[in-house]
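Text of model-v9.txt (compact mmCIF, C-alpha atoms) as supplied:
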```
# COMPACT_ATOMS: atom_id res chain seq x y z
CA MET A 1 0.00 0.00 0.00
CA ALA A 2 1.39 3.39 -1.00
CA VAL A 3 1.52 5.81 1.94
CA GLU A 4 1.93 9.52 1.29
CA PHE A 5 2.50 12.51 3.57
CA ILE A 6 0.58 15.78 3.82
CA SER A 7 1.46 19.00 5.61
CA ALA A 8 -0.19 22.41 5.71
CA VAL A 9 1.28 25.50 4.12
CA ASN A 10 1.98 28.76 5.97
CA VAL A 11 2.38 32.16 4.32
CA ASN A 12 4.17 33.85 7.23
CA PRO A 13 5.85 32.85 10.54
CA SER A 14 2.69 33.22 12.68
CA ASN A 15 1.65 30.06 14.50
CA GLU A 16 -0.32 28.88 17.50
CA LEU A 17 2.65 29.18 19.83
CA ASN A 18 4.17 32.54 18.94
CA ARG A 19 0.75 34.20 18.39
CA LEU A 20 2.19 36.78 16.02
CA GLY A 21 -1.17 37.12 14.32
CA ARG A 22 0.33 38.47 11.11
CA PRO A 23 -2.13 38.78 8.20
CA ASP A 24 0.43 39.42 5.46
CA VAL A 25 2.18 37.16 2.97
CA ASP A 26 5.86 37.01 3.92
CA LEU A 27 7.28 36.01 0.54
CA PRO A 28 10.78 34.95 1.69
CA PHE A 29 9.26 32.86 4.49
CA PHE A 30 6.67 31.33 2.17
CA THR A 31 9.33 30.43 -0.39
CA ARG A 32 11.47 28.84 2.33
CA TYR A 33 8.46 26.93 3.63
CA VAL A 34 7.60 25.49 0.22
CA ASN A 35 11.24 24.58 -0.39
CA THR A 36 11.33 22.88 3.00
CA LEU A 37 8.21 20.87 2.16
CA GLU A 38 9.95 19.69 -0.98
CA ASP A 39 13.26 18.93 0.75
CA ALA A 40 11.50 17.10 3.60
CA GLY A 41 9.81 14.73 1.17
CA PHE A 42 6.18 15.71 1.68
CA ASP A 43 3.84 14.70 -1.13
CA TYR A 44 1.04 17.23 -0.49
CA THR A 45 0.33 20.41 1.41
CA LEU A 46 -3.08 21.69 2.43
CA CYS A 47 -4.09 25.19 1.39
CA ALA A 48 -6.65 25.75 4.13
CA TYR A 49 -9.68 27.99 3.92
CA THR A 50 -11.48 30.28 6.28
CA SER A 51 -13.39 33.47 5.57
CA ALA A 52 -10.65 35.81 6.84
CA PHE A 53 -7.61 34.15 5.24
CA GLN A 54 -5.77 34.59 1.94
CA ASP A 55 -7.13 33.13 -1.28
CA GLN A 56 -6.33 29.44 -1.37
CA PHE A 57 -6.15 29.25 -5.17
CA ALA A 58 -3.50 31.99 -5.29
CA ILE A 59 -1.48 30.15 -2.65
CA ALA A 60 -1.81 26.84 -4.51
CA ASN A 61 -0.63 28.40 -7.76
CA GLN A 62 2.40 29.82 -5.99
CA ILE A 63 3.20 26.37 -4.60
CA VAL A 64 3.26 24.70 -8.01
CA ALA A 65 5.34 27.59 -9.36
CA ARG A 66 7.93 27.22 -6.56
CA SER A 67 8.19 23.44 -6.28
CA GLU A 68 8.72 20.45 -8.51
CA ARG A 69 6.84 17.74 -6.64
CA VAL A 70 4.62 19.01 -3.81
CA ALA A 71 0.91 18.87 -4.70
CA PRO A 72 -1.39 21.55 -3.24
CA ILE A 73 -4.67 20.39 -1.74
CA VAL A 74 -7.13 23.24 -2.28
CA ALA A 75 -9.71 23.46 0.50
CA LEU A 76 -12.97 24.56 -1.10
CA ARG A 77 -16.28 25.58 0.42
CA PRO A 78 -19.04 25.21 -2.18
CA ASN A 79 -20.73 28.44 -1.12
CA THR A 80 -17.73 30.54 -2.13
CA ILE A 81 -17.36 29.82 -5.85
CA TYR A 82 -19.69 28.53 -8.58
CA PRO A 83 -18.90 24.91 -9.53
CA THR A 84 -18.22 25.58 -13.23
CA VAL A 85 -15.77 28.33 -12.27
CA ALA A 86 -14.10 26.13 -9.64
CA ALA A 87 -13.76 23.25 -12.11
CA LYS A 88 -11.88 25.49 -14.56
CA ALA A 89 -9.72 27.04 -11.81
CA LEU A 90 -8.74 23.61 -10.51
CA ALA A 91 -8.02 22.26 -13.99
CA THR A 92 -5.89 25.31 -14.76
CA LEU A 93 -3.93 24.84 -11.53
CA ASP A 94 -3.54 21.18 -12.37
CA GLN A 95 -2.08 22.01 -15.78
CA PHE A 96 0.43 24.47 -14.32
CA GLY A 97 1.38 21.84 -11.75
CA GLY A 98 1.67 18.99 -14.22
CA GLY A 99 -1.14 17.02 -12.59
CA ARG A 100 -0.53 18.01 -8.98
CA ALA A 101 -3.88 19.52 -7.95
CA VAL A 102 -6.18 17.98 -5.33
CA VAL A 103 -9.44 19.50 -4.03
CA HIS A 104 -10.74 19.04 -0.49
CA PHE A 105 -14.42 19.89 -0.06
CA ILE A 106 -15.55 21.48 3.19
CA SER A 107 -19.31 21.56 3.57
CA GLY A 108 -19.08 23.85 6.59
CA GLY A 109 -19.23 23.00 10.29
CA ASN A 110 -20.08 26.34 11.89
CA ASP A 111 -23.20 28.34 11.05
CA ALA A 112 -21.66 31.69 12.03
CA GLU A 113 -18.58 31.15 9.87
CA GLN A 114 -20.75 30.13 6.91
CA ALA A 115 -22.95 33.20 7.37
CA ARG A 116 -19.92 35.49 7.12
CA GLU A 117 -19.90 34.77 3.40
CA GLY A 118 -23.63 34.64 2.86
CA ASP A 119 -24.33 30.93 3.39
CA PHE A 120 -27.45 30.28 5.49
CA LEU A 121 -28.21 26.68 4.55
CA THR A 122 -28.66 23.98 7.17
CA LYS A 123 -26.00 21.35 7.69
CA GLU A 124 -28.06 18.76 5.80
CA GLN A 125 -28.51 21.17 2.90
CA ARG A 126 -24.79 21.98 2.86
CA TYR A 127 -23.84 18.32 2.46
CA ALA A 128 -26.47 17.84 -0.25
CA ARG A 129 -25.01 20.85 -2.03
CA THR A 130 -21.50 19.38 -1.77
CA ALA A 131 -22.70 16.15 -3.40
CA GLU A 132 -24.26 18.08 -6.29
CA TYR A 133 -21.14 20.25 -6.58
CA ILE A 134 -18.81 17.24 -6.85
CA ASP A 135 -20.98 15.73 -9.57
CA ILE A 136 -20.88 18.97 -11.55
CA VAL A 137 -17.11 19.57 -11.38
CA ARG A 138 -16.40 16.00 -12.45
CA LYS A 139 -18.75 16.37 -15.41
CA VAL A 140 -17.07 19.66 -16.37
CA TRP A 141 -13.68 17.93 -16.38
CA THR A 142 -14.83 15.13 -18.67
CA SER A 143 -17.52 16.58 -20.93
CA THR A 144 -16.47 17.58 -24.43
CA GLU A 145 -19.94 18.75 -25.45
CA PRO A 146 -22.03 21.54 -23.88
CA PHE A 147 -24.40 20.33 -21.16
CA SER A 148 -27.10 21.85 -18.98
CA HIS A 149 -27.85 21.18 -15.35
CA GLU A 150 -30.84 21.77 -13.10
CA GLY A 151 -30.47 20.52 -9.55
CA GLU A 152 -31.48 21.52 -6.05
CA PHE A 153 -28.74 24.15 -5.72
CA TYR A 154 -27.35 24.90 -9.19
CA LYS A 155 -28.83 25.58 -12.59
CA PHE A 156 -27.06 26.50 -15.82
CA ASP A 157 -27.46 26.02 -19.57
CA ASP A 158 -25.20 24.89 -22.40
CA PHE A 159 -21.84 24.94 -20.57
CA VAL A 160 -18.61 23.38 -21.77
CA SER A 161 -15.01 23.87 -20.67
CA VAL A 162 -11.94 23.31 -22.84
CA VAL A 163 -9.71 23.24 -19.73
CA ARG A 164 -8.90 19.61 -18.95
CA PRO A 165 -7.05 18.22 -15.92
CA THR A 166 -3.66 16.82 -16.88
CA ASN A 167 -4.65 13.23 -16.14
CA GLY A 168 -8.32 13.54 -17.06
CA THR A 169 -9.58 14.20 -13.56
CA ILE A 170 -8.49 15.64 -10.18
CA PRO A 171 -8.62 13.73 -6.87
CA VAL A 172 -11.62 14.77 -4.78
CA SER A 173 -11.31 14.72 -1.00
CA VAL A 174 -14.15 14.99 1.51
CA GLY A 175 -13.79 15.27 5.27
CA GLY A 176 -15.97 15.07 8.34
CA SER A 177 -17.24 12.82 11.10
CA SER A 178 -21.01 12.99 10.69
CA ALA A 179 -23.36 10.58 8.97
CA GLN A 180 -23.80 13.12 6.17
CA ALA A 181 -20.04 13.37 5.68
CA TYR A 182 -19.68 9.60 5.53
CA GLN A 183 -22.47 9.41 2.94
CA VAL A 184 -21.12 12.12 0.63
CA GLY A 185 -17.48 11.11 1.02
CA GLY A 186 -18.13 7.40 0.90
CA SER A 187 -20.22 7.67 -2.25
CA ARG A 188 -18.12 10.27 -4.11
CA GLY A 189 -14.71 10.86 -2.55
CA ASP A 190 -11.38 9.64 -3.87
CA ILE A 191 -10.03 10.57 -0.43
CA PHE A 192 -11.73 10.84 2.95
CA GLY A 193 -10.17 13.00 5.67
CA LEU A 194 -10.29 12.24 9.39
CA TRP A 195 -8.83 13.95 12.44
CA GLY A 196 -6.57 11.94 14.72
CA GLU A 197 -8.67 9.80 17.08
CA PRO A 198 -7.84 6.63 19.03
CA LEU A 199 -7.33 3.54 16.91
CA LYS A 200 -10.69 1.95 17.70
CA ASP A 201 -12.60 5.16 16.97
CA THR A 202 -10.68 5.60 13.74
CA ARG A 203 -11.45 2.03 12.72
CA ASP A 204 -15.15 2.69 13.32
CA GLN A 205 -15.04 5.80 11.13
CA ILE A 206 -13.22 4.00 8.32
CA ASP A 207 -15.83 1.23 8.46
CA ALA A 208 -18.62 3.82 8.25
CA VAL A 209 -17.06 5.47 5.19
CA ASN A 210 -16.46 2.13 3.49
CA ALA A 211 -20.03 1.04 4.20
CA GLN A 212 -21.32 4.11 2.38
CA ALA A 213 -19.00 3.40 -0.55
CA GLU A 214 -20.37 -0.12 -0.77
CA LYS A 215 -23.95 1.13 -0.45
CA ALA A 216 -23.33 3.49 -3.38
CA GLY A 217 -22.27 0.52 -5.50
CA ARG A 218 -18.60 1.43 -5.64
CA THR A 219 -16.06 -1.28 -6.34
CA ASP A 220 -13.32 0.82 -4.73
CA LYS A 221 -13.06 2.77 -1.47
CA PRO A 222 -11.83 6.26 -0.65
CA ARG A 223 -8.21 6.54 0.43
CA ILE A 224 -8.14 7.44 4.13
CA TRP A 225 -6.37 10.60 5.27
CA VAL A 226 -5.65 11.02 9.02
CA THR A 227 -4.24 14.20 10.61
CA PHE A 228 -2.03 14.58 13.69
CA ARG A 229 0.07 17.28 15.39
CA PRO A 230 3.27 15.42 16.43
CA ILE A 231 5.43 16.66 19.31
CA ILE A 232 8.84 15.00 19.21
CA ALA A 233 12.15 15.14 21.04
CA ALA A 234 15.25 13.00 21.51
CA THR A 235 13.84 11.07 24.49
CA GLU A 236 10.37 10.22 25.75
CA GLU A 237 10.89 12.41 28.80
CA LEU A 238 11.95 15.42 26.73
CA ALA A 239 9.04 14.89 24.35
CA TRP A 240 6.50 14.93 27.15
CA GLU A 241 8.13 18.00 28.70
CA LYS A 242 7.85 19.70 25.31
CA ALA A 243 4.21 18.59 25.05
CA HIS A 244 3.33 20.20 28.36
CA ARG A 245 5.13 23.42 27.37
CA THR A 246 3.07 23.44 24.18
CA LEU A 247 -0.11 22.91 26.18
CA ALA A 248 0.78 25.75 28.55
CA ALA A 249 1.16 28.08 25.56
CA LEU A 250 -2.21 27.01 24.14
CA LYS A 251 -4.29 27.05 27.33
CA PRO A 252 -4.73 30.86 27.63
CA PHE A 253 -6.47 30.83 24.25
CA GLU A 254 -8.87 27.97 25.02
CA LYS A 255 -11.89 28.04 22.71
CA ARG A 256 -10.66 31.30 21.20
CA PHE A 257 -11.37 30.14 17.69
CA LEU A 258 -14.95 29.30 18.56
CA GLY A 259 -15.65 32.50 20.46
CA GLY A 260 -16.15 30.58 23.70
CA THR A 261 -19.03 28.48 22.36
CA ASP A 262 -19.29 24.73 22.05
CA PRO A 263 -18.51 23.44 18.56
CA GLN A 264 -21.35 22.60 16.19
CA ASN A 265 -19.44 20.17 14.00
CA VAL A 266 -19.37 16.49 14.93
CA GLY A 267 -15.61 16.17 14.40
CA SER A 268 -14.83 18.70 17.13
CA GLN A 269 -17.47 17.23 19.41
CA ARG A 270 -15.88 13.81 19.00
CA LEU A 271 -12.40 15.10 19.82
CA LEU A 272 -13.64 16.82 22.98
CA GLU A 273 -15.48 13.68 24.06
CA ILE A 274 -12.37 11.60 23.46
CA ALA A 275 -10.27 14.12 25.41
CA GLY A 276 -12.74 13.82 28.26
CA ARG A 277 -12.15 10.06 28.52
CA GLN A 278 -8.41 10.32 29.23
CA ASP A 279 -5.37 12.28 28.17
CA VAL A 280 -3.32 9.56 26.48
CA HIS A 281 -4.64 6.90 24.12
CA ASP A 282 -2.92 3.94 22.49
CA ARG A 283 0.80 4.34 21.84
CA ALA A 284 1.20 8.11 21.67
CA LEU A 285 -2.10 9.96 21.00
CA TRP A 286 -2.43 12.94 23.35
CA THR A 287 -5.71 14.86 23.54
CA PRO A 288 -5.31 17.86 25.93
CA THR A 289 -4.27 20.00 22.96
CA ALA A 290 -7.74 19.42 21.54
CA SER A 291 -9.38 20.58 24.76
CA ALA A 292 -7.10 23.62 24.95
CA THR A 293 -8.13 24.81 21.48
CA GLY A 294 -11.80 23.87 21.70
CA ALA A 295 -11.02 21.24 19.04
CA ALA A 296 -11.43 23.99 16.48
CA GLY A 297 -9.47 21.92 13.98
CA ALA A 298 -7.13 18.99 13.78
CA SER A 299 -5.54 19.26 17.20
CA THR A 300 -4.65 15.90 18.73
CA ALA A 301 -0.94 15.24 19.13
CA LEU A 302 1.35 12.24 18.83
CA VAL A 303 3.99 12.55 21.54
CA GLY A 304 7.32 10.77 21.89
CA THR A 305 10.63 10.16 20.22
CA PRO A 306 10.64 10.11 16.42
CA GLU A 307 10.68 6.31 16.66
CA THR A 308 7.61 6.23 18.89
CA VAL A 309 5.70 8.70 16.71
CA ALA A 310 6.66 6.83 13.54
CA ALA A 311 5.45 3.60 15.18
CA ALA A 312 2.16 5.31 16.09
CA ILE A 313 1.72 6.49 12.50
CA LEU A 314 2.28 2.93 11.34
CA ASP A 315 -0.51 1.79 13.69
CA TYR A 316 -2.88 3.95 11.62
CA VAL A 317 -1.35 2.71 8.37
CA ASP A 318 -2.13 -0.80 9.59
CA LEU A 319 -5.77 0.27 9.96
CA GLY A 320 -5.84 1.35 6.32
CA ALA A 321 -4.72 4.99 6.34
CA GLU A 322 -2.87 5.82 3.13
CA LEU A 323 -2.43 9.56 3.61
CA ILE A 324 -0.83 10.83 6.82
CA SER A 325 -1.05 14.53 7.57
CA ILE A 326 1.41 15.87 10.15
CA ARG A 327 1.85 19.51 10.99
CA GLY A 328 3.32 21.07 14.06
CA TYR A 329 2.41 23.80 16.49
CA ASP A 330 5.77 25.45 15.68
CA ASN A 331 5.16 25.14 11.96
CA LEU A 332 8.49 25.60 10.16
CA ASN A 333 10.76 24.11 12.82
CA ASP A 334 8.48 21.12 13.28
CA LEU A 335 8.28 20.64 9.51
CA ILE A 336 12.08 20.44 9.35
CA ASP A 337 12.17 17.90 12.18
CA TYR A 338 9.46 15.74 10.61
CA GLY A 339 11.39 15.58 7.35
CA ARG A 340 14.60 14.65 9.12
CA PHE A 341 13.32 12.18 11.66
CA ILE A 342 9.78 10.88 11.05
CA LEU A 343 9.23 10.47 7.31
CA PRO A 344 12.42 8.43 6.80
CA LEU A 345 11.50 6.02 9.61
CA VAL A 346 8.00 5.37 8.28
CA ARG A 347 9.22 4.95 4.73
CA GLN A 348 12.04 2.66 5.82
CA GLU A 349 9.59 0.38 7.59
CA LEU A 350 7.22 0.35 4.62
CA ALA A 351 10.10 -0.44 2.27
CA HIS A 352 11.09 -3.32 4.57
CA ARG A 353 7.55 -4.69 4.43
CA GLU A 354 7.50 -4.41 0.66
CA ALA A 355 10.83 -6.21 0.33
CA THR A 356 10.27 -8.97 2.88
CA GLY A 357 6.52 -9.30 3.31
CA GLN A 358 7.03 -8.92 7.07
CA HIS A 359 6.81 -6.14 9.63
CA GLY A 360 10.02 -4.76 11.05
CA THR A 361 10.64 -4.20 14.74
CA LEU A 362 9.92 -0.45 14.95
CA GLN A 363 6.47 -0.83 16.48
CA ALA A 364 7.50 -3.60 18.88
CA ASP A 365 10.60 -1.73 20.02
CA ASN A 366 8.88 1.62 20.69
CA PRO A 367 5.72 1.10 22.77
CA GLY A 368 5.59 4.70 23.97
CA ALA A 369 2.76 5.27 26.44
CA LEU A 370 1.75 1.61 26.14
CA ALA A 371 4.89 0.64 28.06
CA GLU A 372 3.92 2.76 31.07
CA ARG A 373 0.40 1.33 31.18
CA THR A 374 1.70 -2.23 30.79
CA ALA A 375 4.17 -1.71 33.63
CA ALA A 376 1.39 -0.38 35.84
```
What does this structure look like when you write it as structure tokens?
Amino acid sequence: MAVEFISAVNVNPSNELNRLGRPDVDLPFFTRYVNTLEDAGFDYTLCAYTSAFQDQFAIANQIVARSERVAPIVALRPNTIYPTVAAKALATLDQFGGGRAVVHFISGGNDAEQAREGDFLTKEQRYARTAEYIDIVRKVWTSTEPFSHEGEFYKFDDFVSVVRPTNGTIPVSVGGSSAQAYQVGGSRGDIFGLWGEPLKDTRDQIDAVNAQAEKAGRTDKPRIWVTFRPIIAATEELAWEKAHRTLAALKPFEKRFLGGTDPQNVGSQRLLEIAGRQDVHDRALWTPTASATGAAGASTALVGTPETVAAAILDYVDLGAELISIRGYDNLNDLIDYGRFILPLVRQELAHREATGQHGTLQADNPGALAERTAA
């Protein structure tokens, strides 16, 4: 099974630890960041979206212009751009990148954030709109004759695009943790994105997505993407000390991103419920960072030495995850460390499996938090 790595791009040095809060594009920093992604061996980088941030398409186009291999994943909310326009924009990006574009659909998990850009649909309506949107963009990419469309959310006449994706289509990613997300992503997604949860909970989500794929009559399944925020150091003790320093920096801003309210989206609700069970799960999954940020996004950490974190990532690979997203709280410095210490370990183990048909000893030799619980 091919396993690929995702990060997230940053346009300036601001992050959740230094709290610089800069709104500008720092071009030298951005260029260094993209070059570091390339040098570190990442396959993809997420161009995130929120109403107040820079245009994700502009960022994605700058990534393909400044790198040879890294593929931008364009986060796209259907309410922000008409599907025929988005299909052409994505295909154009894909041509400039030589087939490197990916699109990640976000139906919207917070009513107030959606309303900032004029979207007042219910959650159920938003997911139904996403399904219709995906069907339209795929038809735009493949149709050579003009076609018309009249659906619940979109209507147009006699449209055709001459802008084709490099390889005929563009991978479509869907994320979420609700029944509606599973249905739309399972039936239509090439990729399905999950936040980092304990192994059993992740297995349950994968099963739910796959069940919807089967129900839709698919003969394949979406590739699973799982996201973590690793905190690593040379020893277990130093890693956990670093984790608690990170938590101390995050705690004063608890629930800041949600304005002090409880999250509406199921993914955040799940992370907070999981954090309420216990702090540490499985080999290295640490949840207090989710509580400290109101689980406003992907926020659970993997804590330990690079060997322990690589072993934990492989636990999720063994569940069926093919895309592993890792981004740090100290974005650039963590990115450098991941490229030096984590990616090579995971890829070495996978190469060993490919060559021998057997697992190596990395997971057995690095139990992480499991060792402490076993000893107790």
List as number ranges by chain the protein and nucleic acid residues near A:Ser143, meaning an atom at most 9 Å away when all atoms listed in the file are counted, but skip any in the same chain fewer than 4 places from it. A: 138-139, 147, 160-162
Contacts of stretch 292-349 of chain A with stretch 242-248 of chain A up to 8 Å, shortest pair per row, only C-alpha atoms, as JSON lines:
```
{"residue": "A:Ala292", "atom": "CA", "partner": "A:Leu247", "partner_atom": "CA", "distance": 7.1}
{"residue": "A:Val303", "atom": "CA", "partner": "A:Ala243", "partner_atom": "CA", "distance": 7.0}
{"residue": "A:Tyr329", "atom": "CA", "partner": "A:Thr246", "partner_atom": "CA", "distance": 7.7}
```
Closest to A:Pro263 among A:Asn210, A:Gln183, A:Asn110, A:Gln62, using all atoms listed in the file?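 When distances to A:Pro263 are compared using all atoms listed in the file, the smallest one comes from A:Asn110.
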Closest of A:Ala115, A:Ser107, A:Gly368, A:Leu121 to A:Gly185 - atom-to-atom distances counting all atoms listed in the file: A:Ser107
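Shortest atom-to-atom contact with A:Val34 among A:Gly360, A:Leu332, A:Asn15, A:Glu307: A:Leu332, counting all atoms listed in the file.
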Leaving out A:Ile63 and any residue of its chain fewer than 4 positions from it, which residues lie within 8 Å of it when counting all atoms listed in the file, given as a list in words?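 What passes the distance filter is Val34, Ile59, Ser67, Val70, Ala71 and Pro72 of chain A.
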Using atom CA of A:Arg77 and atom CA of A:Ala275 as the two end points, give the distance in Å to one decimal.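 Going from atom CA of A:Arg77 over to atom CA of A:Ala275 covers 28.1 Å.
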Near A:Tyr33, counting all atoms listed in the file, which residues have an atom at most 8 Å away, once you skip same-chain residues fewer than 4 positions from it, shown as a ChimeraX atom specification? /A:9-10,29,37,332
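The shortest atom-to-atom distance to A:Phe159, with all atoms listed in the file taken into account, belongs to A:Thr84 out of A:Ser7, A:Gln95, A:Thr84, A:Thr227.
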Counting only C-alpha atoms, select every polymer residue within 10 Å of (-16.4, 14.3, 14.4) as defined in the file's coordinates, and provide the selection as a ChimeraX atom specification. /A:175-179,181,194-195,197,205,264-273,295
Taking only C-alpha atoms into account, which of A:Val25, A:Ala369, A:Ala65, A:Ile326 comes nearest A:Asp279?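 With only C-alpha atoms as the atom set, the closest residue is A:Ala369.
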In terms of the shortest atom-to-atom distance over all atoms listed in the file, which of A:Thr80, A:Ser187, A:Ala249, A:Ala208 is closest to A:Asp220? A:Ser187
Rounded to one decimal, what separation in Å do you get between atom CA of A:Arg223 and atom CA of A:Val3? 9.9 Å
Computed interatomic separation between atom CA of A:His352 and atom CA of A:Ala2 (Å):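 Separation of atom CA of A:His352 and atom CA of A:Ala2: 13.0 Å.
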Need the shell around A:Gly99: protein/DNA/RNA residues with any atom at most 7 Å away, counting only C-alpha atoms. Skip same-chain ones fewer than 3 positions apart. Format as a PDB file with C-alpha atoms, keeping the file's coordinate frame?
```
ATOM      1  CA  ASP A  94      -3.540  21.180 -12.370  1.00  0.00           C
ATOM      2  CA  GLN A  95      -2.080  22.010 -15.780  1.00  0.00           C
ATOM      3  CA  PRO A 165      -7.050  18.220 -15.920  1.00  0.00           C
ATOM      4  CA  THR A 166      -3.660  16.820 -16.880  1.00  0.00           C
ATOM      5  CA  ASN A 167      -4.650  13.230 -16.140  1.00  0.00           C
TER       6      ASN A 167
END
```
